[in-house]
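Asks: Sending over a structure as C-alpha cells; questions will come in a sec.
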Amino acid sequence: MIVTYNWLKQYMDLSDVAPEYLAEKITDGGHEVESWHYQAVGSNLVIGKVLTCVPHPDSDHLHICTVDTGEDVRQIVCGAPNVAAGQKVIVALPGCKLPEGEIKSGMVRGQQSDGMICALFELGVDKHYLTEEQLSGIEVLPEDAEVGNKEVLKYLGLDDVIYDVSLTPNRADCYSMWAFAKDVGAILGKKVTLPDYRYNTELQKADLTVRSETDKCPYFYGKVINHVEIKPSPLWMQQALNAAGVKAINNVVDISNYVMLETGQPLHFYNLAKIPAREITVKTGLNEMYTALDGVQYHVSEDDIMITTQGKAIGYAGIMGGDDSKIDDETTGIIIEAALFNLVSIRNTSRRLDLFTEAATRFAKGIDPLAAEKAVERSTQLLIELANASGIEETVICGDPGYLERKIETTAEQINTLLGTEFTDSQIYGVFESLDFQPKSAGRKITVSVPSYRSNDVKVWQDLSEEVIRILGYGNIVSTLPKMPTTQGALARDGAEKRTIRAMLNGYGLDEVMTYSLVSQAKIDEGVLSIGEPVRIANAISEDRRYFRTSLLPSLMDVVSYNQARNREEYGLFEIADVYSDDGRQASHLSAALSSATTSSKWQKISENNDFYTLKGIVLSLLDKLGYENSRIGFRVPEKENEVLHPNKSAEILLDRSVIGIMGVSHPLYNRKYDVDTCNLLELDLSAVLERKKGKIRFTTVNRYPSINYDLALVVREEVSGADIVNTVKKAAGSLLKNVEIFDVYRGASIEEGCKSVAVSVVYQSAEKTLKESDIADIHAEVLRQLSGKLGAKLRD
C-alpha cells in the first residue's frame, strides 16, 4: 500500500516528526515500511524567468537563454524544444543535486552555462503521472509563479514523501487512509482529526431502483446526482492521487478514487445519461462478451457478479466498470454505487481476468461493513464543493450489511499475563482510547466496542493484547529463558526408513526431485495407486493448481519431459512426498522413473538397458533392506488397465498379499502425450509398507560344507509364472534347499507353441555335513514330481 507524508499530515500534526522517524515508528507498530523516498529531489532549485532565448550557433537543437533567478541574471544552455522567452521555469543552480547527478557550471559547445532549466522527470517525478507534453520538454510554470522562490518543490506540491507499506493479511482496514491515520496517531500519540463530510443540501426524492438478485451482494447503496460539471480536479487532489499512485483524470472520476483511498470503500460512478431506466440490478448467471473501461473485451462467466441495467451488463462488480457507462467530458449527471461483494468471488474473477484493480484488491481482502454510507456521503460533499453538484437525490439502499457491534471484556491482569508485561490500567485504557475502541471501566474490567473497520481483525480479548503491545512497543516484553523439559532429538515417524530409502536410491544412481503438491484435473485423472478423491482448493491460484495430488507419477512425468526436452536421455529420478484424499486420509508415496538407456562406460563404449526387471530388482532390494523377506513379496498382473503403464509390461506389487505399489514400462500413448521415450515407472505406498511388521534379523554362522547344484530346463505353459515355479520348488525341497533361481527363458525352435523353456538353478546344502547324491535323490525327485503334477512341467530334452 502507498501512503504519503502529506496525506497523513492532513489528519495530525507531524511538524515534529521527521520522515525517516515516521517510517521507523510505522514499522515498529506492525506495518512494515518496505521502502520510502521523496516524491521529487532537488537541493538548490529556484523559480526563474527566461528573458531571452536564441538558437545556439553551433547546434541545431540547443538554445542560449538568459534567465532571471531573482538574485541574478545568468546564461543557461538548454536543449528542450519548448523553451521560449517569457516563460516561468524551474532552474537548478550549480551545486544542485538531482537524481541523475550534480549540476555544475561549464562550457557547452563554446558557450557558458550556469545551471539547468528542468523538466519534472529530471527532478525524479514518476514519468507514469506526466503528460506527453511534460515528458517532451521543460516544465512551464503558471504566470503567478514568484521569481526567486526557492521552495520550488513545495510550490509544485512535490515536497511529499512516499512510503511503500506492506500490510499483514489481517489489517485490510489500513487500505483506508482514515483507518491507517488512526493507527499512526495511536502509535505516535497524536490526536487525529478526520474530515467532516456533512453537507447542507436539500435532497430530492429518489428516482432510482436498485436490487440484488444474488447473495454475493448483501447490500447496495445507490445515489443519483442529477447535475455535475466535468473539469480538472484542483491541484491538491491531483497531487494527492499522483503521490498515492493513482493517475488524475477529471474532478468527478478523481473524487471516486480519492474517497476510495480515504475510506477503503471502492466506489463507481455511472454516467446517468447512459442509464435511462434509472435501474441497477446486481446478478450472476450471465454468459456473454463484455467491454470494460480499459477497452478490452472479456468473457463473462456465470459465476461473475455483474452490475446490470435492463438486463444488460454495465460493469464487473467490484472490479471495473463498463466502457458504455463511463464518465466522459459530456457527462452531466451520475449514479454513485457503493456496495459489498463476496470477496472470494471478486478474487476469483479478478484472477481469471487478470484485472487487479485498486477496487478488486480492497474487496478481495475485506472491507469495513459500514464504509459504504461514509463513502457515499463523503463523495457527495466533495462533488458539491468541486463539481457544483445539484439535484441530489436521497440514497437508495438495497439489503443490509448485517453488522452487529462487537463488545469485548478484558482486564489489565489478563493482558499482562499473556504478554509477560507490567502495563498499568491507565496505559492499557489509553491505548484503547487512541484506537477509538471506546473503552469503559467497571472495577478491574475494561469493556471495549470494536469499530466497524476493525471487525474483521479484533474478535477476542487476545486480539486486544496484540493491540496493546503493538502500540506501547514490543521492547516492553522482558526477555526470559523458556522453561521446558530436556528431550533427546530423534527423527520423526518413519524418518529413519525414509532416510534409508533415499540413501539406497542415491546409491543406485537416482536423483531426488521435488514437484508441486497442487495439480490440475488432468493430473488427477492420470494418477496410479490413487489414495482417493482429491482435496479441491477453493481459492486456487489457477486451474493447474486446483487439487492436492493423490498420486506422484503424473508430476514426475513432467520432470522426465523437462529433462528429455533438454537432451538428457539418461536419467534416474525419484520423489518421496505425501498425497491426500478428500476424506482426510494422508499417505507417503514413493515414485521413480528410470530411462531405458544407461551408459556404464563411455570409454569402453559399453551401454546397458534398464527394463522392468531393473526396477523390480530395486524394489526387492529396498524392501529387503527395510526388513521384508522376499517370501512375503509378490507380483501380479494389474486388475485394471491405466493410461500410464503398458498393459503387458506392468505389475502390482504385493506385500503379505496386499497391494503396496505398481510398476512397469510407460504406455506408448502416454509417452506420446509427454513427448518422451519409453521409460520404467514405479509408485509405492510407503505408508502401507512401513505399517507392516518387519521380519526379525537372524544371525547364522557361515556354512563350511559344499553345496550341490542342479540346473533344470523345464518346458511349461506360457501362463505359468516364474513365481509359481520358484514357490513349488521351495515347498517340495524342504530344509536342504539353499537357493532357487531362474536364469533363462527361451521361446523358439523345438518349443511347441504356447509354451516356454525356463532354466532354473537349484542349490542344496546342509549346515551339518557334506551332502551326497544319495542324500538328495529322493528330495530332488519330489521336486520334479511336484513341478510336473502342479504345473505340468516337463524336462526339456
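Going by the C-alpha cells order, chains are called A, B, ..., each with residues numbered from 1, while ligands are numbered from 1 in the order shown.
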Region 345-385 of chain A near region 438-461 of chain A within 12 Å: what's each residue's closest atom pair and its distance in Å to one decimal, counting only C-alpha atoms, ordered by chain then ascending residue number, as CSV?
Replies:
```
residue,atom,partner,partner_atom,distance
A:Lys365,CA,A:Asn456,CA,10.0
A:Gly366,CA,A:Asn456,CA,7.7
A:Ile367,CA,A:Tyr453,CA,7.2
A:Asp368,CA,A:Tyr453,CA,4.4
A:Pro369,CA,A:Ser452,CA,6.6
A:Leu370,CA,A:Ser452,CA,6.4
A:Ala371,CA,A:Tyr453,CA,7.7
A:Ala372,CA,A:Tyr453,CA,11.4
A:Lys374,CA,A:Tyr453,CA,11.6
```
Asks: If you run DSSP over the backbone, which residues in region 518-729 of chain A end up helix (DSSP H, G or I)? Put them as an MDAnalysis selection string.
Replies: chainID A and resid 521:526 543:545 553:565 612:626 630:632 668:674 686:690 722:729
Asks: Just the strand (DSSP E or B) stuff from region 230-434 of chain A, please, per backbone DSSP, written as a count of residues only.
Replies: 51
Asks: Need to verify the contact set: Ile697 (chain A), 12 Å, only C-alpha atoms, exclusion of same-chain residues closer than 3 positions in sequence. Can you return it as a list in words?
Replies: Asp624, Lys625, Leu626, Gly627, Tyr628, Glu629, Lys694 and Thr700 of chain A
Asks: Can those selected residues be exported to a file as a short mmCIF file (atom, residue, chain, number, x, y, z; two decimals), in the first residue's frame so that it contains C-alpha atoms?
Replies:
```cif
data_model
loop_
_atom_site.label_atom_id
_atom_site.label_comp_id
_atom_site.auth_asym_id
_atom_site.auth_seq_id
_atom_site.Cartn_x
_atom_site.Cartn_y
_atom_site.Cartn_z
CA ASP A 624 14.75 -56.41 1.81
CA LYS A 625 16.76 -53.56 3.34
CA LEU A 626 13.67 -52.38 5.21
CA GLY A 627 13.22 -55.86 6.71
CA TYR A 628 10.69 -57.56 4.43
CA GLU A 629 11.74 -61.00 3.17
CA LYS A 694 9.18 -56.31 9.79
CA THR A 700 23.86 -67.74 11.37
#
```
Asks: Env of Gly185 (chain A): 10 Å cut, atoms = only C-alpha atoms, seq-sep filter 2 positions within chain, self excluded. Answer as a list in words.
Replies: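 Once the adjacent positions are removed, what remains is Leu8, Tyr11, Met12, Asp13, Leu14, Ala179, Phe180, Ala181, Lys182, Asp183, Ile187, Leu188, Gly189, Lys190, Lys191, Val192, Thr193, Ser434, Leu435 and Ile471 of chain A.
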Asks: Save the residues we just selected, N, CA, C and O atoms, as a tab-separated table (two decimals), in the first residue's frame?
Replies:
```tsv
chain	number	residue	atom	x	y	z
A	8	LEU	N	-1.07	12.04	5.45
A	8	LEU	CA	-1.20	11.83	6.90
A	8	LEU	C	-1.19	13.15	7.64
A	8	LEU	O	-1.86	13.31	8.67
A	11	TYR	N	-4.36	14.95	8.79
A	11	TYR	CA	-5.16	14.45	9.90
A	11	TYR	C	-4.49	14.64	11.27
A	11	TYR	O	-5.14	14.47	12.30
A	12	MET	N	-3.19	14.94	11.30
A	12	MET	CA	-2.49	15.08	12.57
A	12	MET	C	-1.29	16.00	12.40
A	12	MET	O	-0.84	16.22	11.27
A	13	ASP	N	-0.79	16.51	13.47
A	13	ASP	CA	0.37	17.40	13.45
A	13	ASP	C	1.65	16.56	13.38
A	13	ASP	O	2.00	15.85	14.34
A	14	LEU	N	2.35	16.67	12.26
A	14	LEU	CA	3.61	15.94	12.09
A	14	LEU	C	4.80	16.89	12.02
A	14	LEU	O	5.88	16.50	11.53
A	179	ALA	N	-8.42	4.93	8.38
A	179	ALA	CA	-8.11	3.90	9.37
A	179	ALA	C	-6.61	3.85	9.64
A	179	ALA	O	-6.17	3.69	10.79
A	180	PHE	N	-5.81	4.01	8.57
A	180	PHE	CA	-4.36	3.98	8.75
A	180	PHE	C	-3.91	5.18	9.58
A	180	PHE	O	-3.02	5.06	10.43
A	181	ALA	N	-4.54	6.35	9.35
A	181	ALA	CA	-4.19	7.54	10.13
A	181	ALA	C	-4.52	7.34	11.60
A	181	ALA	O	-3.75	7.76	12.49
A	182	LYS	N	-5.65	6.69	11.89
A	182	LYS	CA	-6.00	6.39	13.28
A	182	LYS	C	-4.91	5.54	13.93
A	182	LYS	O	-4.53	5.75	15.09
A	183	ASP	N	-4.42	4.56	13.18
A	183	ASP	CA	-3.39	3.68	13.71
A	183	ASP	C	-2.08	4.44	13.94
A	183	ASP	O	-1.43	4.28	14.97
A	187	ILE	N	0.05	5.18	17.38
A	187	ILE	CA	1.47	4.82	17.51
A	187	ILE	C	2.30	6.02	17.94
A	187	ILE	O	3.18	5.91	18.80
A	188	LEU	N	1.99	7.19	17.38
A	188	LEU	CA	2.76	8.41	17.68
A	188	LEU	C	2.24	9.16	18.89
A	188	LEU	O	2.88	10.11	19.36
A	189	GLY	N	1.07	8.78	19.37
A	189	GLY	CA	0.45	9.53	20.46
A	189	GLY	C	-0.07	10.89	20.01
A	189	GLY	O	-0.05	11.86	20.77
A	190	LYS	N	-0.56	10.95	18.76
A	190	LYS	CA	-1.06	12.20	18.18
A	190	LYS	C	-2.59	12.17	18.09
A	190	LYS	O	-3.19	11.12	17.84
A	191	LYS	N	-3.19	13.36	18.26
A	191	LYS	CA	-4.63	13.47	18.07
A	191	LYS	C	-4.93	13.47	16.57
A	191	LYS	O	-4.29	14.18	15.79
A	192	VAL	N	-5.90	12.65	16.17
A	192	VAL	CA	-6.26	12.51	14.75
A	192	VAL	C	-7.63	13.14	14.53
A	192	VAL	O	-8.59	12.84	15.23
A	193	THR	N	-7.68	14.04	13.55
A	193	THR	CA	-8.95	14.70	13.20
A	193	THR	C	-9.28	14.39	11.76
A	193	THR	O	-8.55	14.79	10.84
A	434	SER	N	-7.00	5.63	22.16
A	434	SER	CA	-6.33	6.14	20.96
A	434	SER	C	-6.77	5.40	19.70
A	434	SER	O	-6.69	5.94	18.60
A	435	LEU	N	-7.21	4.16	19.86
A	435	LEU	CA	-7.65	3.36	18.71
A	435	LEU	C	-9.15	3.47	18.47
A	435	LEU	O	-9.70	2.73	17.63
A	471	ILE	N	1.12	-1.01	20.18
A	471	ILE	CA	1.15	0.45	20.36
A	471	ILE	C	2.17	0.87	21.41
A	471	ILE	O	2.92	1.83	21.21
```
Asks: For Gly30 (chain A), which residue out of A:Trp603, A:Tyr516, A:Tyr764, A:Tyr474 is the nearest one, using only C-alpha atoms?
Replies: A:Tyr474
Asks: Name all residues at most 12 Å from Met289 (chain A) (count only C-alpha atoms; drop same-chain ones fewer than 5 positions away) and give them as a PyMOL selection string.
Replies: chain A and resi 296-302+312-316+322
Asks: With all heavy atoms retained, could you export that selection as a CSV table (one decimal), in the first residue's frame?
Replies:
```
chain,number,residue,atom,x,y,z
A,296,VAL,N,-11.0,-3.4,-23.4
A,296,VAL,CA,-10.7,-4.9,-23.7
A,296,VAL,C,-12.0,-5.6,-23.5
A,296,VAL,O,-12.8,-5.4,-22.6
A,296,VAL,CB,-9.6,-5.4,-22.8
A,296,VAL,CG1,-9.4,-6.9,-23.1
A,296,VAL,CG2,-8.3,-4.7,-22.9
A,297,GLN,N,-12.3,-6.6,-24.4
A,297,GLN,CA,-13.4,-7.5,-24.3
A,297,GLN,C,-13.1,-8.7,-23.4
A,297,GLN,O,-12.1,-9.3,-23.6
A,297,GLN,CB,-13.9,-8.0,-25.7
A,297,GLN,CG,-14.9,-7.1,-26.4
A,297,GLN,CD,-15.7,-7.8,-27.4
A,297,GLN,OE1,-15.3,-8.8,-27.9
A,297,GLN,NE2,-16.9,-7.3,-27.7
A,298,TYR,N,-14.0,-8.9,-22.5
A,298,TYR,CA,-13.8,-10.1,-21.6
A,298,TYR,C,-15.0,-11.0,-21.6
A,298,TYR,O,-16.1,-10.5,-21.9
A,298,TYR,CB,-13.6,-9.6,-20.1
A,298,TYR,CG,-12.4,-8.7,-19.9
A,298,TYR,CD1,-12.6,-7.3,-19.9
A,298,TYR,CD2,-11.2,-9.3,-19.7
A,298,TYR,CE1,-11.4,-6.5,-19.7
A,298,TYR,CE2,-10.1,-8.5,-19.5
A,298,TYR,CZ,-10.2,-7.1,-19.5
A,298,TYR,OH,-9.1,-6.3,-19.2
A,299,HIS,N,-14.8,-12.3,-21.4
A,299,HIS,CA,-15.9,-13.2,-21.3
A,299,HIS,C,-16.5,-13.2,-19.9
A,299,HIS,O,-15.8,-13.4,-18.9
A,299,HIS,CB,-15.4,-14.6,-21.7
A,299,HIS,CG,-16.5,-15.7,-21.6
A,299,HIS,ND1,-16.6,-16.6,-20.5
A,299,HIS,CD2,-17.6,-15.9,-22.3
A,299,HIS,CE1,-17.6,-17.3,-20.6
A,299,HIS,NE2,-18.3,-16.9,-21.7
A,300,VAL,N,-17.8,-13.0,-19.8
A,300,VAL,CA,-18.5,-13.1,-18.5
A,300,VAL,C,-18.8,-14.5,-18.2
A,300,VAL,O,-19.6,-15.1,-18.9
A,300,VAL,CB,-19.7,-12.2,-18.6
A,300,VAL,CG1,-20.4,-12.2,-17.2
A,300,VAL,CG2,-19.3,-10.7,-18.9
A,301,SER,N,-18.3,-15.0,-17.1
A,301,SER,CA,-18.7,-16.3,-16.6
A,301,SER,C,-19.9,-16.3,-15.8
A,301,SER,O,-20.3,-15.2,-15.2
A,301,SER,CB,-17.5,-16.9,-15.8
A,301,SER,OG,-17.9,-18.1,-15.1
A,302,GLU,N,-20.6,-17.4,-15.6
A,302,GLU,CA,-21.8,-17.4,-14.9
A,302,GLU,C,-21.6,-17.2,-13.4
A,302,GLU,O,-22.5,-16.8,-12.6
A,302,GLU,CB,-22.5,-18.8,-15.1
A,302,GLU,CG,-23.1,-19.0,-16.5
A,302,GLU,CD,-23.9,-20.2,-16.6
A,302,GLU,OE1,-24.0,-21.0,-15.6
A,302,GLU,OE2,-24.4,-20.5,-17.7
A,312,LYS,N,-28.9,-5.7,-19.1
A,312,LYS,CA,-27.6,-5.5,-19.9
A,312,LYS,C,-26.5,-5.2,-18.9
A,312,LYS,O,-26.6,-4.4,-18.0
A,312,LYS,CB,-27.8,-4.4,-20.9
A,312,LYS,CG,-26.5,-4.1,-21.7
A,312,LYS,CD,-26.7,-2.8,-22.5
A,312,LYS,CE,-25.4,-2.4,-23.2
A,312,LYS,NZ,-25.5,-1.1,-23.9
A,313,ALA,N,-25.4,-5.9,-19.0
A,313,ALA,CA,-24.2,-5.7,-18.2
A,313,ALA,C,-23.6,-4.3,-18.4
A,313,ALA,O,-23.4,-3.9,-19.5
A,313,ALA,CB,-23.1,-6.7,-18.4
A,314,ILE,N,-23.3,-3.6,-17.2
A,314,ILE,CA,-22.7,-2.3,-17.3
A,314,ILE,C,-21.4,-2.2,-16.4
A,314,ILE,O,-20.8,-1.2,-16.3
A,314,ILE,CB,-23.7,-1.2,-16.9
A,314,ILE,CG1,-24.2,-1.4,-15.5
A,314,ILE,CG2,-24.8,-1.0,-18.0
A,314,ILE,CD1,-25.0,-0.2,-15.0
A,315,GLY,N,-21.1,-3.4,-15.8
A,315,GLY,CA,-19.8,-3.3,-15.0
A,315,GLY,C,-19.6,-4.7,-14.3
A,315,GLY,O,-20.5,-5.4,-14.0
A,316,TYR,N,-18.3,-5.0,-14.2
A,316,TYR,CA,-17.8,-6.1,-13.4
A,316,TYR,C,-17.9,-5.6,-11.9
A,316,TYR,O,-17.1,-4.7,-11.6
A,316,TYR,CB,-16.4,-6.5,-13.8
A,316,TYR,CG,-16.3,-7.6,-14.8
A,316,TYR,CD1,-15.9,-7.3,-16.1
A,316,TYR,CD2,-16.7,-8.9,-14.6
A,316,TYR,CE1,-15.8,-8.2,-17.1
A,316,TYR,CE2,-16.6,-9.9,-15.5
A,316,TYR,CZ,-16.2,-9.6,-16.8
A,316,TYR,OH,-16.1,-10.5,-17.8
A,322,GLY,N,-18.0,-0.5,-17.1
A,322,GLY,CA,-18.1,-0.7,-18.5
A,322,GLY,C,-17.8,0.5,-19.3
A,322,GLY,O,-17.9,1.6,-18.9
```
Asks: Measuring atom to atom with only C-alpha atoms, identify which of A:Leu355, A:Asp254, A:Glu608, A:Ala243 is nearest to His128 (chain A).
Replies: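 Closest candidate: A:Ala243.
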Asks: Using only C-alpha atoms for the distances, tell me which of A:Leu203, A:Ile469, A:Ala793, A:Leu481 is nearest to Thr421 (chain A).
Replies: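 Selected residue with least distance to Thr421 (chain A): A:Ile469.
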Asks: Could you list, as JSON, numbers by chain, every residue within 9 Å of Ile779 (chain A), counting only C-alpha atoms and ignoring same-chain residues fewer than 3 positions away?
Replies: {"A": [732, 733, 734, 736, 775, 776, 782, 783, 784]}
Asks: Find the residues near region 588-591 of chain A: any atom within 7 Å, counting only C-alpha atoms, skip ones fewer than 3 places away on the same chain, and give them as JSON, numbers by chain.
Replies: {"A": [552, 553, 574, 575, 576, 577, 578, 579, 682, 683, 684, 685, 686, 687]}
Asks: How many Å lie between CA of Gln521 (chain A) and CA of Val676 (chain A), rounded to one decimal?
Replies: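 That distance, rounded to one decimal, is 21.3 Å.
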Asks: Smallest atom-to-atom distance to Ala273 (chain A): which of A:Glu330, A:Glu151, A:Glu773, A:Glu373, using only C-alpha atoms?
Replies: A:Glu330
Asks: One decimal, in Å: what's the spacing between CA of Gly115 (chain A) and CA of Ile162 (chain A)?
Replies: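 These atoms are spaced 27.9 Å apart.
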Asks: Just the number, please: distance in Å from CA of Ser166 (chain A) to CA of Ala540 (chain A), one decimal.
Replies: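 For CA of Ser166 (chain A) relative to CA of Ala540 (chain A), the distance reads 22.8 Å.
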Asks: Using only C-alpha atoms, which residue out of A:Glu413, A:Glu643, A:Asp323, A:Glu377 lies closest to Pro195 (chain A)?
Replies: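 For Pro195 (chain A), the nearest of the given residues is A:Glu377.
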Asks: Using only C-alpha atoms, which residue out of A:Val665, A:Ala597, A:Phe635, A:Glu466 lies closest to Arg568 (chain A)?
Replies: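 Checking each candidate against Arg568 (chain A), we get A:Ala597 as the closest.
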